[in-house]
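Enquirer: Below: one structure in structure tokens.
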Amino acid sequence: MIEFISQPWHWSVSGVAIVFVMFILLWFGGSFGASSNLRTLCAIGGAGNKHSFFDFDWKGQLWNLVFIFSAVVGGFIAVSFFPSPEPVQIAQATQEHLSSIGISTPQTIREGFGYVPSEIFAVDNLFSPRNLFLLIVGGFFVGFGARYAGGCTSGHAISGLSNLQLPSLIAVIGFFIGGLLMSWILLPMILTV
Amino acid sequence: MKTLKYIFPGILFGIVMTKSEAVSWYRIQEMFRFESFHMYGIIGTAVILATLLTYISKRMNIKSVEGAEMNFKSKDKSITRYLIGGIIFGLGWAMTGACPGPMFTLLGHGVWAIVIVILSSILGTYAYGALRSKLPH
């Protein structure tokens, strides 16, 4: 059983599992949207005194914080008790492209860094200006963009599209314009300077 | 108890994000380079199934556990904010290989550098709130 769960899940199983999570949240009276938590954290930090956008009753959003901090625990459980026996099996073409810009092949979490490249995420490599730029500016864009667009992958691409919201389709098109620009043009430039 | 019940879907979400490999920086690059069906399969399956279940839930007027209407949100009509905000989000997503859900999941993997991404995403959210009245929506 443990072995069965430990292998990477097929995309269809994963898709169904995400919808299961989404409908538990809806049934509990919440909704599926991870980036709202970033706004709630600003509000808890007192940002509502300065900017009306954060002046709301954040106590009503605590359920979502419980959800997202439990996802940290879920991540821990998954890698501690059901570690994947194989590294992430990305396409040959992607591996070749990444190695041409200095990112090596994925390793398992036991023998290496698992789901993210050590070249960018290893603590030893953290104090390179390039990596700090990627993490700080990238994170800033995720937070700024998600709130500007009113949602992220969970809120727009899954909740919004499945509720047939045209604005969510526009947002997802935006996600891809930005993502394509970054992964085809900007990221190779940043990683090879 | 009202909020504690969210621990269950939260833990499940972290496990699903990990085992689906949606937390993986590599999978995000592969997706944006159109070199594998994996991420499209996950999101596509989720959207199709969720569309069906959303339709059924509305049609049958299924209530939440507390007896209230289910929280299907309608988004305000506009193009500007969704397109510009979406592009900025997409740049950040491909740059860090993580959107907000996976960021927190990766923290559970012990990827400590993700703390920087989480903190700067909070700062980005704050910057949006501060500049909101000056931005085109």
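Note on naming: chains are A, B, ... as they come in the structure tokens, residues start from 1 per chain, ligands start from 1 in the order shown.
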Counting only C-alpha atoms, which residues from chain B have an atom at most 6 Å from any atom of chain A, and could you show them as JSON, numbers by chain?
Expert: {"B": [3, 6, 7, 9, 10, 11, 13, 14, 15, 19, 20, 24, 25, 30, 32, 38, 41, 42, 45, 46, 47, 50, 51, 64, 65, 70, 81, 82, 83, 85, 86, 87, 88, 89, 90, 91, 92, 94, 95, 96, 100, 101, 104, 105, 107, 108, 109, 113, 117, 120, 121, 122, 124, 125, 128, 129, 130]}
Enquirer: Can you list, as an MDAnalysis selection string, every residue of chain B that DSSP puts in alpha helix (DSSP H)?
Expert: chainID B and resid 7:19 25:32 38:59 80:96 100:108 114:131
Enquirer: Report as a ChimeraX atom specification all protein, DNA and RNA residues lying within 8 Å of His137 of chain B, evaluated on only C-alpha atoms, omitting residues in the same chain fewer than 6 positions from it.
Expert: /B:78-81
Enquirer: With N, CA, C and O atoms kept, could you save the residues just selected as a PDB file, in the first residue's frame?
Expert:
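What follows is the written file out-v3.pdb:
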```pdb
ATOM      1  N   SER B  78     -13.987  42.537 -16.382  1.00  0.00           N
ATOM      2  CA  SER B  78     -12.913  43.445 -16.787  1.00  0.00           C
ATOM      3  C   SER B  78     -11.947  42.644 -17.627  1.00  0.00           C
ATOM      4  O   SER B  78     -12.027  41.407 -17.667  1.00  0.00           O
ATOM      5  N   ILE B  79     -11.039  43.330 -18.327  1.00  0.00           N
ATOM      6  CA  ILE B  79      -9.978  42.623 -19.034  1.00  0.00           C
ATOM      7  C   ILE B  79      -8.627  43.030 -18.468  1.00  0.00           C
ATOM      8  O   ILE B  79      -7.805  42.184 -18.124  1.00  0.00           O
ATOM      9  N   THR B  80      -8.440  44.350 -18.319  1.00  0.00           N
ATOM     10  CA  THR B  80      -7.135  44.901 -17.931  1.00  0.00           C
ATOM     11  C   THR B  80      -6.511  44.198 -16.731  1.00  0.00           C
ATOM     12  O   THR B  80      -5.392  43.701 -16.807  1.00  0.00           O
ATOM     13  N   ARG B  81      -7.233  44.179 -15.615  1.00  0.00           N
ATOM     14  CA  ARG B  81      -6.609  43.652 -14.398  1.00  0.00           C
ATOM     15  C   ARG B  81      -6.247  42.168 -14.528  1.00  0.00           C
ATOM     16  O   ARG B  81      -5.206  41.735 -14.048  1.00  0.00           O
TER      17      ARG B  81
END
```
Enquirer: Could you pull the residues within 10 Å of Val193 of chain A, counting only C-alpha atoms, minus those fewer than 3 positions along the same chain, as a list in words?
Expert: Ile101, Arg130, Pro188, Met189 and Ile190 of chain A
